[in-house]
$ cat final08.pdb   # PDB, C-alpha atoms
MODEL        1
ATOM      1  CA  MET A   1     -30.133  13.211 -10.094  1.00  0.00           C
ATOM      2  CA  ILE A   2     -28.659  13.678  -6.611  1.00  0.00           C
ATOM      3  CA  ILE A   3     -25.392  12.015  -7.699  1.00  0.00           C
ATOM      4  CA  ARG A   4     -25.214  14.219 -10.781  1.00  0.00           C
ATOM      5  CA  LYS A   5     -25.735  17.368  -8.694  1.00  0.00           C
ATOM      6  CA  ALA A   6     -23.022  16.302  -6.262  1.00  0.00           C
ATOM      7  CA  THR A   7     -20.615  15.630  -9.125  1.00  0.00           C
ATOM      8  CA  CYS A   8     -21.364  18.992 -10.704  1.00  0.00           C
ATOM      9  CA  SER A   9     -20.891  20.721  -7.359  1.00  0.00           C
ATOM     10  CA  ARG A  10     -17.442  19.209  -6.937  1.00  0.00           C
ATOM     11  CA  ALA A  11     -16.547  20.154 -10.496  1.00  0.00           C
ATOM     12  CA  LEU A  12     -17.764  23.722  -9.936  1.00  0.00           C
ATOM     13  CA  LEU A  13     -15.706  24.041  -6.760  1.00  0.00           C
ATOM     14  CA  THR A  14     -12.652  22.811  -8.653  1.00  0.00           C
ATOM     15  CA  VAL A  15     -13.228  25.385 -11.411  1.00  0.00           C
ATOM     16  CA  LEU A  16     -13.596  28.144  -8.796  1.00  0.00           C
ATOM     17  CA  CYS A  17     -10.374  26.915  -7.254  1.00  0.00           C
ATOM     18  CA  CYS A  18      -8.619  27.309 -10.595  1.00  0.00           C
ATOM     19  CA  LEU A  19     -10.059  30.791 -11.108  1.00  0.00           C
ATOM     20  CA  GLY A  20      -8.954  31.747  -7.632  1.00  0.00           C
ATOM     21  CA  SER A  21      -5.374  30.918  -8.542  1.00  0.00           C
ATOM     22  CA  LEU A  22      -5.668  33.393 -11.422  1.00  0.00           C
ATOM     23  CA  LEU A  23      -7.211  36.255  -9.487  1.00  0.00           C
ATOM     24  CA  VAL A  24      -5.493  36.100  -6.110  1.00  0.00           C
ATOM     25  CA  PRO A  25      -2.068  37.819  -6.014  1.00  0.00           C
ATOM     26  CA  GLN A  26       0.706  35.261  -6.295  1.00  0.00           C
ATOM     27  CA  LEU A  27       2.099  35.421  -2.768  1.00  0.00           C
ATOM     28  CA  SER A  28       3.109  31.770  -3.029  1.00  0.00           C
ATOM     29  CA  GLN A  29       4.546  29.603  -5.784  1.00  0.00           C
ATOM     30  CA  PRO A  30       2.391  27.388  -8.024  1.00  0.00           C
ATOM     31  CA  HIS A  31       3.393  23.757  -8.071  1.00  0.00           C
ATOM     32  CA  PRO A  32       6.371  23.201 -10.436  1.00  0.00           C
ATOM     33  CA  LEU A  33       4.660  20.285 -12.221  1.00  0.00           C
ATOM     34  CA  GLY A  34       1.320  22.087 -12.643  1.00  0.00           C
ATOM     35  CA  ASN A  35      -1.872  22.360 -10.623  1.00  0.00           C
ATOM     36  CA  PHE A  36      -3.168  18.896 -11.596  1.00  0.00           C
ATOM     37  CA  SER A  37      -0.023  16.861 -10.912  1.00  0.00           C
ATOM     38  CA  ILE A  38       0.622  14.027  -8.451  1.00  0.00           C
ATOM     39  CA  SER A  39       4.307  13.146  -8.151  1.00  0.00           C
ATOM     40  CA  HIS A  40       5.768   9.882  -6.811  1.00  0.00           C
ATOM     41  CA  TYR A  41       9.117   9.140  -5.208  1.00  0.00           C
ATOM     42  CA  THR A  42      10.407   5.786  -3.983  1.00  0.00           C
ATOM     43  CA  GLY A  43      13.716   5.293  -2.213  1.00  0.00           C
ATOM     44  CA  LEU A  44      14.551   1.600  -1.847  1.00  0.00           C
ATOM     45  CA  ARG A  45      17.242   0.605   0.630  1.00  0.00           C
ATOM     46  CA  ILE A  46      18.333  -3.031   0.791  1.00  0.00           C
ATOM     47  CA  GLU A  47      19.722  -4.290   4.087  1.00  0.00           C
ATOM     48  CA  PRO A  48      20.850  -7.839   4.974  1.00  0.00           C
ATOM     49  CA  ASP A  49      17.660  -8.444   6.941  1.00  0.00           C
ATOM     50  CA  GLY A  50      15.073  -6.323   5.197  1.00  0.00           C
ATOM     51  CA  ILE A  51      14.081  -3.821   2.563  1.00  0.00           C
ATOM     52  CA  GLU A  52      13.073  -0.283   3.401  1.00  0.00           C
ATOM     53  CA  ILE A  53      10.732   1.713   1.157  1.00  0.00           C
ATOM     54  CA  ARG A  54      10.702   5.475   1.605  1.00  0.00           C
ATOM     55  CA  TYR A  55       7.620   6.577  -0.303  1.00  0.00           C
ATOM     56  CA  LEU A  56       6.660  10.188  -1.007  1.00  0.00           C
ATOM     57  CA  ILE A  57       3.619  11.652  -2.738  1.00  0.00           C
ATOM     58  CA  ASP A  58       3.457  15.317  -3.778  1.00  0.00           C
ATOM     59  CA  MET A  59      -0.060  16.505  -4.683  1.00  0.00           C
ATOM     60  CA  ALA A  60      -0.516  19.843  -6.415  1.00  0.00           C
ATOM     61  CA  GLU A  61      -3.358  22.271  -5.727  1.00  0.00           C
ATOM     62  CA  ILE A  62      -6.260  20.539  -7.515  1.00  0.00           C
ATOM     63  CA  PRO A  63      -5.596  16.956  -6.307  1.00  0.00           C
ATOM     64  CA  THR A  64      -5.138  18.339  -2.790  1.00  0.00           C
ATOM     65  CA  PHE A  65      -8.492  20.107  -2.980  1.00  0.00           C
ATOM     66  CA  GLN A  66     -10.174  16.930  -4.246  1.00  0.00           C
ATOM     67  CA  GLU A  67      -8.487  14.818  -1.549  1.00  0.00           C
ATOM     68  CA  CYS A  68      -9.711  17.132   1.188  1.00  0.00           C
ATOM     69  CA  GLN A  69     -13.254  17.068  -0.206  1.00  0.00           C
ATOM     70  CA  GLU A  70     -13.335  13.273  -0.438  1.00  0.00           C
ATOM     71  CA  THR A  71     -11.755  12.476   2.943  1.00  0.00           C
ATOM     72  CA  ALA A  72     -12.797  15.429   5.152  1.00  0.00           C
ATOM     73  CA  LEU A  73      -9.115  16.199   5.698  1.00  0.00           C
ATOM     74  CA  VAL A  74      -8.486  19.723   6.973  1.00  0.00           C
ATOM     75  CA  PRO A  75      -5.187  20.949   5.456  1.00  0.00           C
ATOM     76  CA  ALA A  76      -3.627  22.276   8.646  1.00  0.00           C
ATOM     77  CA  ALA A  77      -0.711  20.912  10.652  1.00  0.00           C
ATOM     78  CA  GLY A  78      -1.874  19.297  13.887  1.00  0.00           C
ATOM     79  CA  HIS A  79      -5.562  19.196  12.962  1.00  0.00           C
ATOM     80  CA  PRO A  80      -7.429  16.211  14.515  1.00  0.00           C
ATOM     81  CA  SER A  81      -8.415  14.934  11.057  1.00  0.00           C
ATOM     82  CA  LEU A  82      -4.771  14.365  10.086  1.00  0.00           C
ATOM     83  CA  ASP A  83      -3.996  11.283  12.199  1.00  0.00           C
ATOM     84  CA  ALA A  84      -6.957   9.286  10.908  1.00  0.00           C
ATOM     85  CA  TYR A  85      -6.232  10.377   7.341  1.00  0.00           C
ATOM     86  CA  LEU A  86      -2.573   9.311   7.541  1.00  0.00           C
ATOM     87  CA  ALA A  87      -3.475   5.941   9.075  1.00  0.00           C
ATOM     88  CA  GLN A  88      -5.918   5.264   6.247  1.00  0.00           C
ATOM     89  CA  LYS A  89      -3.499   6.487   3.574  1.00  0.00           C
ATOM     90  CA  LEU A  90      -0.609   4.436   4.957  1.00  0.00           C
ATOM     91  CA  LYS A  91      -2.704   1.323   4.420  1.00  0.00           C
ATOM     92  CA  SER A  92      -4.378   2.202   1.111  1.00  0.00           C
ATOM     93  CA  LEU A  93      -1.147   3.272  -0.625  1.00  0.00           C
ATOM     94  CA  GLN A  94       0.585   0.144   0.663  1.00  0.00           C
ATOM     95  CA  GLU A  95      -1.895  -1.915  -1.339  1.00  0.00           C
ATOM     96  CA  GLY A  96      -0.626  -0.258  -4.530  1.00  0.00           C
ATOM     97  CA  LEU A  97       3.027  -1.169  -3.895  1.00  0.00           C
ATOM     98  CA  PHE A  98       4.404  -4.475  -5.180  1.00  0.00           C
ATOM     99  CA  LEU A  99       7.702  -5.889  -3.896  1.00  0.00           C
ATOM    100  CA  GLU A 100       9.077  -9.234  -5.010  1.00  0.00           C
ATOM    101  CA  VAL A 101      12.362 -11.040  -4.320  1.00  0.00           C
ATOM    102  CA  ASN A 102      13.331 -14.121  -6.349  1.00  0.00           C
ATOM    103  CA  GLY A 103       9.772 -14.505  -7.578  1.00  0.00           C
ATOM    104  CA  THR A 104       8.125 -14.344  -4.140  1.00  0.00           C
ATOM    105  CA  ARG A 105       5.991 -11.362  -3.220  1.00  0.00           C
ATOM    106  CA  LEU A 106       6.986  -9.860   0.114  1.00  0.00           C
ATOM    107  CA  ALA A 107       4.585  -8.593   2.757  1.00  0.00           C
ATOM    108  CA  ILE A 108       5.035  -4.836   3.270  1.00  0.00           C
ATOM    109  CA  GLN A 109       4.500  -3.263   6.681  1.00  0.00           C
ATOM    110  CA  GLY A 110       3.751   0.433   7.106  1.00  0.00           C
ATOM    111  CA  VAL A 111       5.686   1.837  10.056  1.00  0.00           C
ATOM    112  CA  TRP A 112       5.639   5.640   9.762  1.00  0.00           C
ATOM    113  CA  SER A 113       3.748   8.477   8.065  1.00  0.00           C
ATOM    114  CA  SER A 114       3.756  12.270   7.933  1.00  0.00           C
ATOM    115  CA  ALA A 115       2.312  15.173   5.945  1.00  0.00           C
ATOM    116  CA  ILE A 116       2.889  18.861   5.281  1.00  0.00           C
ATOM    117  CA  PHE A 117       0.752  21.416   3.446  1.00  0.00           C
ATOM    118  CA  PRO A 118       2.984  23.808   1.477  1.00  0.00           C
ATOM    119  CA  PRO A 119       1.099  26.832   0.106  1.00  0.00           C
ATOM    120  CA  GLY A 120       0.475  26.723  -3.631  1.00  0.00           C
ATOM    121  CA  ALA A 121      -0.937  29.048  -6.272  1.00  0.00           C
ATOM    122  CA  GLY A 122      -3.375  31.675  -5.030  1.00  0.00           C
ATOM    123  CA  GLY A 123      -2.826  30.608  -1.434  1.00  0.00           C
ATOM    124  CA  LEU A 124      -4.325  27.165  -2.088  1.00  0.00           C
ATOM    125  CA  PRO A 125      -2.678  24.352  -0.129  1.00  0.00           C
ATOM    126  CA  THR A 126      -0.730  21.509  -1.661  1.00  0.00           C
ATOM    127  CA  LEU A 127      -0.142  18.189   0.095  1.00  0.00           C
ATOM    128  CA  LYS A 128       3.111  16.289   0.521  1.00  0.00           C
ATOM    129  CA  LEU A 129       2.941  12.843   2.111  1.00  0.00           C
ATOM    130  CA  GLY A 130       5.792  10.726   3.453  1.00  0.00           C
ATOM    131  CA  PHE A 131       5.585   7.039   4.340  1.00  0.00           C
ATOM    132  CA  LEU A 132       8.036   4.415   5.480  1.00  0.00           C
ATOM    133  CA  TYR A 133       7.396   0.751   4.696  1.00  0.00           C
ATOM    134  CA  ARG A 134       9.513  -2.292   5.516  1.00  0.00           C
ATOM    135  CA  ALA A 135       9.652  -5.898   4.408  1.00  0.00           C
ATOM    136  CA  VAL A 136      11.641  -8.885   5.687  1.00  0.00           C
ATOM    137  CA  LEU A 137      14.280 -10.146   3.267  1.00  0.00           C
ATOM    138  CA  PRO A 138      14.175 -13.958   2.928  1.00  0.00           C
ATOM    139  CA  VAL A 139      17.807 -15.038   3.225  1.00  0.00           C
ATOM    140  CA  GLU A 140      18.663 -18.090   1.106  1.00  0.00           C
ATOM    141  CA  ALA A 141      22.452 -18.315   0.827  1.00  0.00           C
ATOM    142  CA  THR A 142      25.023 -15.621   1.434  1.00  0.00           C
ATOM    143  CA  ASP A 143      26.644 -16.196  -1.955  1.00  0.00           C
ATOM    144  CA  ALA A 144      23.357 -16.309  -3.885  1.00  0.00           C
ATOM    145  CA  GLN A 145      22.260 -13.580  -6.250  1.00  0.00           C
ATOM    146  CA  TYR A 146      18.915 -12.009  -5.448  1.00  0.00           C
ATOM    147  CA  ARG A 147      16.503 -10.428  -7.903  1.00  0.00           C
ATOM    148  CA  LEU A 148      14.252  -7.683  -6.567  1.00  0.00           C
ATOM    149  CA  TYR A 149      11.317  -6.291  -8.512  1.00  0.00           C
ATOM    150  CA  TYR A 150       9.340  -3.241  -7.390  1.00  0.00           C
ATOM    151  CA  HIS A 151       6.251  -1.587  -8.880  1.00  0.00           C
ATOM    152  CA  ASP A 152       4.210   1.432  -7.821  1.00  0.00           C
ATOM    153  CA  ALA A 153       0.601   1.220  -9.052  1.00  0.00           C
ATOM    154  CA  ASN A 154      -0.860   4.192  -7.153  1.00  0.00           C
ATOM    155  CA  PHE A 155      -2.616   7.069  -8.983  1.00  0.00           C
ATOM    156  CA  PRO A 156      -2.381   5.513 -12.467  1.00  0.00           C
ATOM    157  CA  GLY A 157      -2.441   7.906 -15.390  1.00  0.00           C
ATOM    158  CA  ARG A 158      -1.852  11.065 -13.367  1.00  0.00           C
ATOM    159  CA  VAL A 159       0.597  13.657 -14.660  1.00  0.00           C
ATOM    160  CA  GLY A 160       3.621  14.167 -12.427  1.00  0.00           C
ATOM    161  CA  TRP A 161       7.228  13.395 -11.584  1.00  0.00           C
ATOM    162  CA  GLN A 162       7.796   9.655 -11.070  1.00  0.00           C
ATOM    163  CA  GLU A 163      11.151   8.587  -9.653  1.00  0.00           C
ATOM    164  CA  VAL A 164      12.657   5.467  -8.083  1.00  0.00           C
ATOM    165  CA  VAL A 165      16.155   5.120  -6.616  1.00  0.00           C
ATOM    166  CA  ALA A 166      17.832   2.133  -4.944  1.00  0.00           C
ATOM    167  CA  MET A 167      20.642   2.033  -2.394  1.00  0.00           C
ATOM    168  CA  ALA A 168      22.615  -0.759  -0.740  1.00  0.00           C
ATOM    169  CA  GLY A 169      23.137  -1.052   2.986  1.00  0.00           C
ATOM    170  CA  SER A 170      26.202  -2.467   4.689  1.00  0.00           C
ATOM    171  CA  GLY A 171      26.938  -6.000   3.504  1.00  0.00           C
ATOM    172  CA  ILE A 172      24.903  -5.614   0.293  1.00  0.00           C
ATOM    173  CA  THR A 173      26.397  -5.370  -3.196  1.00  0.00           C
ATOM    174  CA  LEU A 174      24.257  -4.192  -6.095  1.00  0.00           C
ATOM    175  CA  THR A 175      25.347  -6.080  -9.206  1.00  0.00           C
ATOM    176  CA  HIS A 176      22.791  -4.493 -11.529  1.00  0.00           C
ATOM    177  CA  SER A 177      20.008  -1.941 -11.143  1.00  0.00           C
ATOM    178  CA  SER A 178      17.538  -0.421 -13.568  1.00  0.00           C
ATOM    179  CA  VAL A 179      17.351   2.713 -11.382  1.00  0.00           C
ATOM    180  CA  PRO A 180      20.076   5.049 -10.075  1.00  0.00           C
ATOM    181  CA  THR A 181      21.383   5.316  -6.524  1.00  0.00           C
ATOM    182  CA  VAL A 182      21.022   9.120  -6.415  1.00  0.00           C
ATOM    183  CA  ASP A 183      17.788  10.982  -7.087  1.00  0.00           C
ATOM    184  CA  ARG A 184      17.330  14.085  -9.245  1.00  0.00           C
ATOM    185  CA  SER A 185      14.553  15.823  -7.328  1.00  0.00           C
ATOM    186  CA  GLN A 186      15.981  15.889  -3.794  1.00  0.00           C
ATOM    187  CA  ALA A 187      13.079  13.718  -2.642  1.00  0.00           C
ATOM    188  CA  LEU A 188      10.481  15.811  -4.502  1.00  0.00           C
ATOM    189  CA  SER A 189      11.687  19.109  -3.053  1.00  0.00           C
ATOM    190  CA  ASP A 190      13.876  20.564  -5.813  1.00  0.00           C
ATOM    191  CA  TYR A 191      12.617  19.655  -9.283  1.00  0.00           C
ATOM    192  CA  PRO A 192      15.250  20.319 -11.999  1.00  0.00           C
ATOM    193  CA  THR A 193      13.876  23.036 -14.263  1.00  0.00           C
ATOM    194  CA  ASP A 194      15.321  21.429 -17.415  1.00  0.00           C
ATOM    195  CA  LEU A 195      13.180  18.317 -16.819  1.00  0.00           C
ATOM    196  CA  LEU A 196       9.846  19.917 -15.933  1.00  0.00           C
ATOM    197  CA  ASN A 197       8.528  19.590 -19.494  1.00  0.00           C
ATOM    198  CA  ASN A 198       9.638  15.960 -19.687  1.00  0.00           C
ATOM    199  CA  PRO A 199       9.779  14.603 -16.129  1.00  0.00           C
ATOM    200  CA  PRO A 200      10.910  11.025 -15.430  1.00  0.00           C
ATOM    201  CA  GLN A 201       8.176   8.406 -15.573  1.00  0.00           C
ATOM    202  CA  VAL A 202       9.707   5.582 -13.547  1.00  0.00           C
ATOM    203  CA  LEU A 203       7.410   3.419 -11.444  1.00  0.00           C
ATOM    204  CA  ASP A 204       9.306   0.117 -11.671  1.00  0.00           C
ATOM    205  CA  ALA A 205      12.706  -1.125 -10.579  1.00  0.00           C
ATOM    206  CA  GLN A 206      14.606  -4.351 -11.153  1.00  0.00           C
ATOM    207  CA  ILE A 207      17.665  -4.874  -8.969  1.00  0.00           C
ATOM    208  CA  PHE A 208      20.131  -7.727  -8.657  1.00  0.00           C
ATOM    209  CA  PHE A 209      22.209  -7.930  -5.484  1.00  0.00           C
ATOM    210  CA  THR A 210      24.271 -10.233  -3.283  1.00  0.00           C
ATOM    211  CA  LEU A 211      24.915 -10.501   0.468  1.00  0.00           C
ATOM    212  CA  ALA A 212      28.371 -10.599   1.954  1.00  0.00           C
ATOM    213  CA  GLY A 213      29.134 -13.778   3.938  1.00  0.00           C
ATOM    214  CA  SER A 214      29.015 -12.020   7.309  1.00  0.00           C
ATOM    215  CA  ALA A 215      26.024  -9.807   6.540  1.00  0.00           C
ATOM    216  CA  ALA A 216      23.276 -12.249   7.441  1.00  0.00           C
ATOM    217  CA  SER A 217      24.836 -13.143  10.785  1.00  0.00           C
ATOM    218  CA  ALA A 218      26.049  -9.707  11.825  1.00  0.00           C
ATOM    219  CA  GLY A 219      23.521  -9.537  14.654  1.00  0.00           C
ATOM    220  CA  THR A 220      22.276  -6.073  13.745  1.00  0.00           C
ATOM    221  CA  THR A 221      18.799  -4.839  14.624  1.00  0.00           C
ATOM    222  CA  PRO A 222      16.410  -6.084  11.924  1.00  0.00           C
ATOM    223  CA  ALA A 223      15.418  -3.393   9.451  1.00  0.00           C
ATOM    224  CA  HIS A 224      11.778  -4.447   9.807  1.00  0.00           C
ATOM    225  CA  ALA A 225      11.703  -4.186  13.598  1.00  0.00           C
ATOM    226  CA  VAL A 226      10.538  -0.912  15.117  1.00  0.00           C
ATOM    227  CA  ALA A 227      10.863  -0.526  18.860  1.00  0.00           C
ATOM    228  CA  ALA A 228       8.278   1.444  20.780  1.00  0.00           C
ATOM    229  CA  GLY A 229       9.162   5.106  20.923  1.00  0.00           C
ATOM    230  CA  SER A 230      11.848   4.775  18.230  1.00  0.00           C
ATOM    231  CA  ALA A 231       9.811   5.637  15.147  1.00  0.00           C
ATOM    232  CA  PRO A 232      12.062   6.673  12.253  1.00  0.00           C
ATOM    233  CA  SER A 233      12.024  10.154  10.828  1.00  0.00           C
ATOM    234  CA  LEU A 234      11.562  11.106   7.207  1.00  0.00           C
ATOM    235  CA  SER A 235      12.072  14.754   6.427  1.00  0.00           C
ATOM    236  CA  LEU A 236       9.478  16.435   4.213  1.00  0.00           C
ATOM    237  CA  SER A 237      10.450  19.715   2.566  1.00  0.00           C
ATOM    238  CA  THR A 238       8.489  22.340   0.684  1.00  0.00           C
ATOM    239  CA  ASN A 239       9.264  22.680  -3.008  1.00  0.00           C
ATOM    240  CA  ARG A 240      11.932  25.142  -3.990  1.00  0.00           C
ATOM    241  CA  PRO A 241      10.787  27.708  -6.574  1.00  0.00           C
ATOM    242  CA  ALA A 242      11.240  26.549 -10.136  1.00  0.00           C
ATOM    243  CA  VAL A 243      10.571  28.646 -13.226  1.00  0.00           C
ATOM    244  CA  PRO A 244       8.647  31.822 -12.248  1.00  0.00           C
ATOM    245  CA  ARG A 245       5.080  31.523 -13.511  1.00  0.00           C
ATOM    246  CA  GLY A 246       1.865  33.439 -13.062  1.00  0.00           C
ATOM    247  CA  GLY A 247      -1.460  31.845 -12.271  1.00  0.00           C
ATOM    248  CA  PHE A 248      -2.459  31.695 -15.928  1.00  0.00           C
ATOM    249  CA  THR A 249       0.740  30.101 -17.229  1.00  0.00           C
ATOM    250  CA  ALA A 250       0.603  27.555 -14.409  1.00  0.00           C
ATOM    251  CA  LEU A 251      -2.656  26.240 -15.833  1.00  0.00           C
ATOM    252  CA  VAL A 252      -1.790  26.344 -19.552  1.00  0.00           C
ATOM    253  CA  GLY A 253      -1.055  22.928 -20.949  1.00  0.00           C
ATOM    254  CA  GLN A 254      -2.652  21.023 -18.094  1.00  0.00           C
ATOM    255  CA  PRO A 255      -5.090  18.150 -18.738  1.00  0.00           C
ATOM    256  CA  PRO A 256      -8.759  19.145 -19.205  1.00  0.00           C
ATOM    257  CA  LEU A 257     -10.920  19.015 -16.093  1.00  0.00           C
ATOM    258  CA  ARG A 258     -13.075  15.880 -15.936  1.00  0.00           C
ATOM    259  CA  LEU A 259     -16.627  16.750 -14.909  1.00  0.00           C
ATOM    260  CA  ALA A 260     -17.765  13.170 -14.354  1.00  0.00           C
TER     261      ALA A 260
ENDMDL
END

$ encode --input "final08.pdb" --output "structure tokens"
Amino acid sequence: MIIRKATCSRALLTVLCCLGSLLVPQLSQPHPLGNFSISHYTGLRIEPDGIEIRYLIDMAEIPTFQECQETALVPAAGHPSLDAYLAQKLKSLQEGLFLEVNGTRLAIQGVWSSAIFPPGAGGLPTLKLGFLYRAVLPVEATDAQYRLYYHDANFPGRVGWQEVVAMAGSGITLTHSSVPTVDRSQALSDYPTDLLNNPPQVLDAQIFFTLAGSAASAGTTPAHAVAAGSAPSLSLSTNRPAVPRGGFTALVGQPPLRLA
């Protein structure tokens, strides 16, 4: 009975959240993909000594509300709850990422994380997360062809924009890739309006590449090594306005609210 009451309470708060987005004047923009969406973005960069994964998650108003309720996160920049939340999320999302080269799964190391809280519909916060992961590339032979496979298994079944791109560093040649080298959403900050009704659903990538003869012995700083005080930066941007919508139209067509 206690569990049922708690579940109903969370569902009621979510419903009130939705109603609030209808009644409060629209001083801020609703999320372009809808109030229930969770969007994914992966930018793979292959270097002679490692693979870098730039991983972004963009949660709309309702998932953000649920995340804050479940984790005690306070959606405010600099709040003490943010550091612990990001440390936990860096690890838990890492477990949902699969990276394989030539049939061997690579160990992924989380090295950086950040978050912003862009205002959404009715003044409700949204949540955009940025993470940087790295993995050591096992070098076999400089003239060998490598096969990389990547899969993102986080937030299965959630509506949203799902995009993967892959880029080659110096000394790397991509011979074939199932994903493009340039993204279409500006790292989840500028969603193309002509694709909002049918956003990309890409969570996998298969890439074939080779290393130049001098790449493996160039003596560059390993991509997986992070010196103290030299943490990389990953810019997070608020979403640019898409199609103007009111609070009601932002909710039309969204998945039904699950009460249990």

$ closest_residue --input "final08.pdb" --among "A:Trp161, A:Tyr191, A:Tyr133, A:Tyr149" --to "Glu95 (chain A)" --atoms "only C-alpha atoms"
A:Tyr133

$ resolve_selection --input "final08.pdb" --expression "the PyMOL selection byres ((chain A and resi 110) around 9)" --output "list in words"
Leu90, Lys91, Gln94, Ile108, Gln109, Val111, Trp112, Ser113, Phe131, Leu132, Tyr133 and Arg134 of chain A

$ residues_around --input "final08.pdb" --residues "Val179 (chain A)" --least-positions-apart "4" --cutoff "9 Å" --atoms "all atoms listed in the file" --output "compact mmCIF listing (two decimals) with C-alpha atoms, keeping the file's coordinate frame"
# COMPACT_ATOMS: atom_id res chain seq x y z
CA GLU A 163 11.15 8.59 -9.65
CA VAL A 164 12.66 5.47 -8.08
CA VAL A 165 16.16 5.12 -6.62
CA ALA A 166 17.83 2.13 -4.94
CA VAL A 202 9.71 5.58 -13.55
CA ASP A 204 9.31 0.12 -11.67
CA ALA A 205 12.71 -1.12 -10.58
CA GLN A 206 14.61 -4.35 -11.15
CA ILE A 207 17.66 -4.87 -8.97

$ atom_distance --input "final08.pdb" --atom1 "CA of Ala135 (chain A)" --atom2 "CA of Leu56 (chain A)"
17.2 Å

$ atom_distance --input "final08.pdb" --atom1 "CA of Leu99 (chain A)" --atom2 "CA of Ser189 (chain A)"
25.3 Å

$ residues_around --input "final08.pdb" --residues "Thr238 (chain A)" --least-positions-apart "5" --cutoff "9 Å" --atoms "all atoms listed in the file" --output "list in words"
Ile116, Phe117, Pro118, Pro119, Lys128, Leu188, Ser189 and Asp190 of chain A

$ atom_distance --input "final08.pdb" --atom1 "CA of Pro192 (chain A)" --atom2 "CA of His151 (chain A)"
23.9 Å

$ resolve_selection --input "final08.pdb" --expression "the PyMOL selection byres ((chain A and resi 68) around 12)" --output "list in words"
Arg10, Thr14, Met59, Glu61, Ile62, Pro63, Thr64, Phe65, Gln66, Glu67, Gln69, Glu70, Thr71, Ala72, Leu73, Val74, Pro75, Ala76, Ser81, Leu82, Tyr85, Phe117, Leu124, Pro125, Thr126 and Leu127 of chain A

$ resolve_selection --input "final08.pdb" --expression "the PyMOL selection byres ((chain A and resi 176) around 8)" --output "PyMOL selection string"
chain A and resi 174-175+177-178+207-209

$ closest_residue --input "final08.pdb" --among "A:Ala121, A:Leu148, A:Leu86, A:Ala77" --to "Gly103 (chain A)" --atoms "all atoms listed in the file"
A:Leu148

$ closest_residue --input "final08.pdb" --among "A:Ala153, A:Ala87, A:Ala144, A:Val139" --to "Leu203 (chain A)" --atoms "only C-alpha atoms"
A:Ala153

$ closest_residue --input "final08.pdb" --among "A:Asp83, A:Ser185, A:Gln201, A:Leu93" --to "Gly157 (chain A)" --atoms "all atoms listed in the file"
A:Gln201

$ residues_near_point --input "final08.pdb" --point "(-3.2, 13.4, -9.0)" --cutoff "7 Å" --atoms "all atoms listed in the file" --output "mmCIF file with C-alpha atoms, in the frame of the given file"
data_model
loop_
_atom_site.group_PDB
_atom_site.id
_atom_site.type_symbol
_atom_site.label_atom_id
_atom_site.label_comp_id
_atom_site.auth_asym_id
_atom_site.auth_seq_id
_atom_site.Cartn_x
_atom_site.Cartn_y
_atom_site.Cartn_z
ATOM 1 C CA PHE A 36 -3.168 18.896 -11.596
ATOM 2 C CA SER A 37 -0.023 16.861 -10.912
ATOM 3 C CA ILE A 38 0.622 14.027 -8.451
ATOM 4 C CA MET A 59 -0.060 16.505 -4.683
ATOM 5 C CA PRO A 63 -5.596 16.956 -6.307
ATOM 6 C CA PHE A 155 -2.616 7.069 -8.983
ATOM 7 C CA ARG A 158 -1.852 11.065 -13.367
ATOM 8 C CA VAL A 159 0.597 13.657 -14.660
#

$ residues_near_point --input "final08.pdb" --point "(15.4, 10.1, -11.9)" --cutoff "6 Å" --atoms "all atoms listed in the file" --output "PyMOL selection string"
chain A and resi 163+183-184+200

$ closest_residue --input "final08.pdb" --among "A:Gly160, A:Pro199, A:Pro180, A:Gly130" --to "Ser237 (chain A)" --atoms "all atoms listed in the file"
A:Gly130

$ decode --input "final08.pdb" --residues "region 82-90 of chain A" --atoms "N, CA and C atoms" --output "mmCIF file, in the first residue's frame"
data_model
loop_
_atom_site.group_PDB
_atom_site.id
_atom_site.type_symbol
_atom_site.label_atom_id
_atom_site.label_comp_id
_atom_site.auth_asym_id
_atom_site.auth_seq_id
_atom_site.Cartn_x
_atom_site.Cartn_y
_atom_site.Cartn_z
ATOM 1 N N LEU A 82 24.920 18.649 -7.223
ATOM 2 C CA LEU A 82 25.269 18.411 -8.623
ATOM 3 C C LEU A 82 26.524 17.543 -8.776
ATOM 4 N N ASP A 83 27.540 17.773 -7.974
ATOM 5 C CA ASP A 83 28.784 17.015 -8.114
ATOM 6 C C ASP A 83 28.573 15.521 -7.890
ATOM 7 N N ALA A 84 27.846 15.181 -6.831
ATOM 8 C CA ALA A 84 27.590 13.769 -6.545
ATOM 9 C C ALA A 84 26.725 13.148 -7.639
ATOM 10 N N TYR A 85 25.764 13.907 -8.128
ATOM 11 C CA TYR A 85 24.885 13.401 -9.189
ATOM 12 C C TYR A 85 25.697 13.111 -10.453
ATOM 13 N N LEU A 86 26.558 14.050 -10.856
ATOM 14 C CA LEU A 86 27.348 13.866 -12.068
ATOM 15 C C LEU A 86 28.318 12.695 -11.936
ATOM 16 N N ALA A 87 28.907 12.519 -10.766
ATOM 17 C CA ALA A 87 29.827 11.400 -10.552
ATOM 18 C C ALA A 87 29.088 10.071 -10.704
ATOM 19 N N GLN A 88 27.884 9.996 -10.158
ATOM 20 C CA GLN A 88 27.098 8.775 -10.261
ATOM 21 C C GLN A 88 26.644 8.537 -11.696
ATOM 22 N N LYS A 89 26.252 9.610 -12.374
ATOM 23 C CA LYS A 89 25.740 9.487 -13.745
ATOM 24 C C LYS A 89 26.860 9.147 -14.714
ATOM 25 N N LEU A 90 28.046 9.689 -14.496
ATOM 26 C CA LEU A 90 29.190 9.371 -15.340
ATOM 27 C C LEU A 90 29.446 7.870 -15.350
#
